[in-house]
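Report on the following structure.
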Amino acid sequence: MDAKTFDKSKLPSRHVTVGPSRAPHRSYYYAMGLTEEQINRPFVGVVSCWNEAAPCNIALMRQAQSAKKGVNEAGGTPREFCTITVTDGIAMGHQGMKSSLVSREVIADSIELTMRGHSYDALVGIAGCDKSLPGTMMAMLRLNVPAVFMYGGSILPGRFRGKDVTVQDVFEGVGMHSSGKMSAEDLHELECVACPSAGACGGQYTANTMAMVSEAIGLALPGSAGAPAPDLARDYWAVESGKAVMRLIADGIRPRDIATRKAFENAAVIVAATGGSTNAALHLPAMANEIGIDFDLFDVAEVFKRTPYIADLKPGGHYVAKDVYDIGGIPQIMKALLVGGYLHGDCMTVTGKTVAQNLENVKFNTEQRVVRPVSDPISPTGGVVGLKGSLAPDGAIVKVAGLKNLKFKGPARVFDCEEDAFQAVENRAYKDGEVFVIRYEGPKGGPGMREMLSTTAALYGQGSGDKVALITDGRFSGATRGFCIGHVGPEAALGGPIALIQDGDIIAIDAEAGTLDLEVADNELARRKTTWKVPANAYQSGAIRKFADQVGPARYGAVTHAGGKAEVVCYADI
């Protein structure tokens, strides 16, 4: 594609490259070795979440170089930059997890500010770990310049005693060790083999869930999310993503042309069909907020309710992301859903073609067990369910993939932070049949809406994962399994019903009916409310305090700004 194809007078980079008054600006680009011809091309930001915090991110700089090659070959001038990530596997189970959801906002904001500050014309975003995927896509929707998202790839499965394992097995191993079911030597052996390569956690946890979302919603090239991080196919997809963003500039296709209401429904469908992370019910509303589309937790749950569960993936199932890649990748899942009538085939994508056109030549692989046709689902409704009731007037979410029993009723065991709950599990100071309540862990009250994988995994490791339930106004990891309900709203810090629960109160959960109720009389709850006070919070400065001051309810994505509805001028139109 020739650089003359592009008219700089209509692109944001004209503000830093065109005319005599921009001579000082151009001098900086000459200082970095650019030629006059390169300065006259469109400027494409190539952002990655590369860092050395965790294996999810260490392969991203390599892929960014390939994306730059694709941009350059197609007539653009790539400008590479990095943004932060907080990796949940390392932040999990301690105060570091308060940084996780906050990082999604920082990622989106930092990409926005870099793009705005330097007047880049388009964006290729490469992300590897949980919050970095929605954070990058949020920035694309906010900026609305031509953009292509690319997942950095999953980790290869580990092998332990002849079985595929993931980091989830290590978290559950901690519980097994605490209950005497695993020796310290075996736990050490497991931790040394569970994560054998670069890449994000291999099950259908948050990273792989949102990677599937990127293809289903149309912001990533079909097939690009499948290859594991070490696979050289990742570099091919990076080059192609760089070329694709240049076609989008030429054709005038922007993210908001792609991410329509129907595209968000497609994204929710693939989450439900794969038993994906409950975190998707937080990230999809946040992404929709960027462009002013109403798509809250209840809208997501409505799609979940009508979608069959067809992909047998961990943690509720048997397979990992590499297995999906080996049978043909995410297009296999989308083909099954499209043929079954569960996807909107007319949605535009970054290929310049519709979902249906992208899948036209994909043949469903019948010689595999990872993904079923919709005519033979694992269950007729999605692997994730929305709940509502007297305990959750603003909703809650539960992953039911792999659960045998969808109803639970028992007395509450109340904890005001995750550490106290984890300690009770470590000490086995609980009874089967109880409902753990972990509160003041919501977006505002946490602050930061921590994930509870350490506690839930320890319960499973002790053999009690299906004998107790757990509810929280915080979140769960995509690796969580068991009767674990998150995003309960209104959160405790706002005086929601979860704040008023006392030990012994009966809680009734029915994931078939979609209800979550506290069996306490209204007049008794009103009496308790008169003496309730918000506990003091130690986070009174810094980024976490700033997040607590700005964040909204989980139902709407726990976002920190007004979004597309309040937008006056879009960046892409400056």
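In the structure tokens, the first chain shown is A, the next is B, and so on; residue numbers restart at 1 for each chain, and ligands run from 1 in the order shown.
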>> Need to verify the contact set: A:Pro196, 10 Å, only C-alpha atoms, exclusion of same-chain residues closer than 6 positions in sequence. Can you return it as a list in words?
In response: Pro55, Ile155, Leu156, Pro157, Gly158, Arg159 and Thr166 of chain A
> So which residues touch A:Thr83 within 12 Å, counting only C-alpha atoms, skipping near sequence neighbours fewer than 2 positions away, as number ranges by chain?
Replying inline: A: 45-51, 57, 60-61, 80-81, 85-86, 103-115, 125-128, 131-133, 135-136, 139
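Shell of A:His487 at 8 Å, with only C-alpha atoms counted and residues fewer than 2 places along the chain excluded, is Gly395, Ala396, Ile397, Gly442, Thr472, Asp473, Gly474, Arg475, Ile485, Gly489, Glu491, Ala554 and Arg555 of chain A.
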> Skipping near chain neighbours, those fewer than 4 positions away, what residues fall within 10 Å of A:His177 using only C-alpha atoms, listed as a PyMOL selection string?
Replying inline: chain A and resi 172-173+181-187+426+458+461-462
Once you have the residues from the selection above, write them out as an mmCIF file, in the first residue's frame, restricted to C-alpha atoms.
```cif
data_model
loop_
_atom_site.group_PDB
_atom_site.id
_atom_site.type_symbol
_atom_site.label_atom_id
_atom_site.label_comp_id
_atom_site.auth_asym_id
_atom_site.auth_seq_id
_atom_site.Cartn_x
_atom_site.Cartn_y
_atom_site.Cartn_z
ATOM 1 C CA GLU A 172 -5.635 -25.528 44.827
ATOM 2 C CA GLY A 173 -2.454 -27.313 45.856
ATOM 3 C CA LYS A 181 -3.488 -33.976 51.219
ATOM 4 C CA MET A 182 -0.261 -32.867 49.520
ATOM 5 C CA SER A 183 3.278 -32.879 50.831
ATOM 6 C CA ALA A 184 5.485 -29.810 50.728
ATOM 7 C CA GLU A 185 7.751 -31.662 48.311
ATOM 8 C CA ASP A 186 4.890 -32.414 45.906
ATOM 9 C CA LEU A 187 3.624 -28.835 46.094
ATOM 10 C CA GLU A 426 -6.429 -22.365 56.356
ATOM 11 C CA ALA A 458 -7.939 -23.417 49.052
ATOM 12 C CA GLY A 461 -7.955 -28.134 47.663
ATOM 13 C CA GLN A 462 -9.401 -29.125 51.036
#
```
> From the set A:Arg14, A:Arg142, A:Arg256, A:Lys467, which residue has the shortest atom-to-atom contact distance to A:Ile39, counting only C-alpha atoms?
Replying inline: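 Closest candidate: A:Arg14.
Comparing A:Gln368, A:Ser100, A:Asn279, A:Thr531 by their smallest distance to A:Ala543, the closest is A:Ser100 (using only C-alpha atoms).
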> When distances are computed from only C-alpha atoms, which of A:Gly96, A:Gly223, A:Gly117, A:Gly448 shows the smallest separation from A:Tyr151?
Replying inline: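 Closest residue, counting only C-alpha atoms: A:Gly223.
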>> With DSSP run on the backbone, what are the helix (DSSP H, G or I) residues within stretch 121-328 of chain A? I'd like them as a ChimeraX atom specification.
In response: /A:132-143,167-178,184-193,206-216,233-251,255-258,261-273,280-290,297-305,321-326
Could those selected residues go to a file with C-alpha atoms, as a short mmCIF file (atom, residue, chain, number, x, y, z; two decimals), in the first residue's frame?
```
data_model
loop_
_atom_site.label_atom_id
_atom_site.label_comp_id
_atom_site.auth_asym_id
_atom_site.auth_seq_id
_atom_site.Cartn_x
_atom_site.Cartn_y
_atom_site.Cartn_z
CA SER A 132 -4.71 -5.28 30.00
CA LEU A 133 -7.06 -6.77 27.39
CA PRO A 134 -10.20 -4.79 28.29
CA GLY A 135 -8.07 -1.76 29.19
CA THR A 136 -6.54 -1.69 25.70
CA MET A 137 -9.87 -2.24 23.97
CA MET A 138 -11.47 0.50 26.11
CA ALA A 139 -8.82 2.93 24.86
CA MET A 140 -9.52 1.93 21.25
CA LEU A 141 -13.24 2.58 21.67
CA ARG A 142 -12.60 5.85 23.51
CA LEU A 143 -10.20 7.23 20.91
CA VAL A 167 -1.63 -22.14 37.85
CA GLN A 168 -5.13 -22.97 39.17
CA ASP A 169 -3.79 -26.38 40.22
CA VAL A 170 -1.06 -24.65 42.22
CA PHE A 171 -3.56 -22.43 44.04
CA GLU A 172 -5.63 -25.53 44.83
CA GLY A 173 -2.45 -27.31 45.86
CA VAL A 174 -2.05 -24.76 48.65
CA GLY A 175 -5.40 -25.90 50.06
CA MET A 176 -4.43 -29.56 49.67
CA HIS A 177 -1.19 -28.90 51.51
CA SER A 178 -2.96 -27.10 54.35
CA ALA A 184 5.49 -29.81 50.73
CA GLU A 185 7.75 -31.66 48.31
CA ASP A 186 4.89 -32.41 45.91
CA LEU A 187 3.62 -28.83 46.09
CA HIS A 188 7.10 -27.59 45.23
CA GLU A 189 7.33 -30.01 42.30
CA LEU A 190 3.92 -28.79 41.06
CA GLU A 191 4.84 -25.11 41.28
CA CYS A 192 8.01 -25.74 39.29
CA VAL A 193 6.21 -27.31 36.31
CA THR A 206 -10.05 -13.80 32.25
CA ALA A 207 -7.23 -13.38 29.71
CA ASN A 208 -8.42 -16.12 27.36
CA THR A 209 -12.04 -15.08 27.88
CA MET A 210 -11.32 -11.50 26.82
CA ALA A 211 -9.10 -12.77 23.98
CA MET A 212 -12.14 -14.61 22.64
CA VAL A 213 -14.16 -11.43 23.14
CA SER A 214 -11.65 -9.52 20.99
CA GLU A 215 -12.37 -11.81 18.03
CA ALA A 216 -16.12 -12.11 18.65
CA ALA A 233 2.53 -17.90 14.41
CA ARG A 234 2.12 -15.01 16.85
CA ASP A 235 4.62 -12.99 14.85
CA TYR A 236 2.69 -13.67 11.64
CA TRP A 237 -0.51 -12.41 13.26
CA ALA A 238 1.31 -9.33 14.56
CA VAL A 239 2.53 -8.45 11.05
CA GLU A 240 -0.98 -8.98 9.69
CA SER A 241 -2.46 -6.80 12.45
CA GLY A 242 -0.09 -4.00 11.45
CA LYS A 243 -1.15 -4.31 7.82
CA ALA A 244 -4.82 -4.49 8.79
CA VAL A 245 -4.75 -1.21 10.68
CA MET A 246 -3.45 0.53 7.56
CA ARG A 247 -6.36 -0.88 5.54
CA LEU A 248 -8.73 0.47 8.18
CA ILE A 249 -7.22 3.96 7.79
CA ALA A 250 -7.61 3.75 4.02
CA ASP A 251 -11.19 2.49 4.27
CA PRO A 255 -13.81 0.88 16.27
CA ARG A 256 -17.28 2.32 16.83
CA ASP A 257 -18.30 1.11 13.37
CA ILE A 258 -17.40 -2.36 14.63
CA ARG A 261 -24.78 -3.19 20.38
CA LYS A 262 -25.09 -6.42 18.37
CA ALA A 263 -21.31 -6.88 18.49
CA PHE A 264 -21.43 -6.64 22.29
CA GLU A 265 -24.10 -9.33 22.28
CA ASN A 266 -21.76 -11.51 20.18
CA ALA A 267 -19.06 -10.93 22.79
CA ALA A 268 -21.35 -12.00 25.62
CA VAL A 269 -22.39 -15.09 23.64
CA ILE A 270 -18.84 -16.38 23.36
CA VAL A 271 -18.24 -15.82 27.09
CA ALA A 272 -21.29 -17.90 27.99
CA ALA A 273 -20.62 -20.58 25.37
CA ALA A 280 -16.37 -10.36 31.43
CA ALA A 281 -19.59 -9.14 33.04
CA LEU A 282 -17.52 -6.26 34.42
CA HIS A 283 -15.41 -5.54 31.35
CA LEU A 284 -18.10 -5.62 28.66
CA PRO A 285 -20.19 -2.89 30.37
CA ALA A 286 -17.00 -0.86 30.85
CA MET A 287 -16.16 -1.15 27.15
CA ALA A 288 -19.74 -0.25 26.20
CA ASN A 289 -19.53 2.81 28.45
CA GLU A 290 -16.70 4.18 26.31
CA LEU A 297 -24.63 -6.64 33.98
CA PHE A 298 -28.31 -7.48 33.42
CA ASP A 299 -27.95 -7.07 29.65
CA VAL A 300 -24.94 -9.38 29.72
CA ALA A 301 -26.83 -11.88 31.88
CA GLU A 302 -29.78 -11.86 29.47
CA VAL A 303 -27.47 -12.99 26.67
CA PHE A 304 -25.90 -15.60 28.95
CA LYS A 305 -29.35 -17.03 29.70
CA ALA A 321 -6.43 -22.63 25.28
CA LYS A 322 -3.78 -24.56 23.35
CA ASP A 323 -6.33 -27.32 22.77
CA VAL A 324 -8.69 -24.78 21.18
CA TYR A 325 -5.86 -23.61 18.92
CA ASP A 326 -5.00 -27.18 17.95
#
```
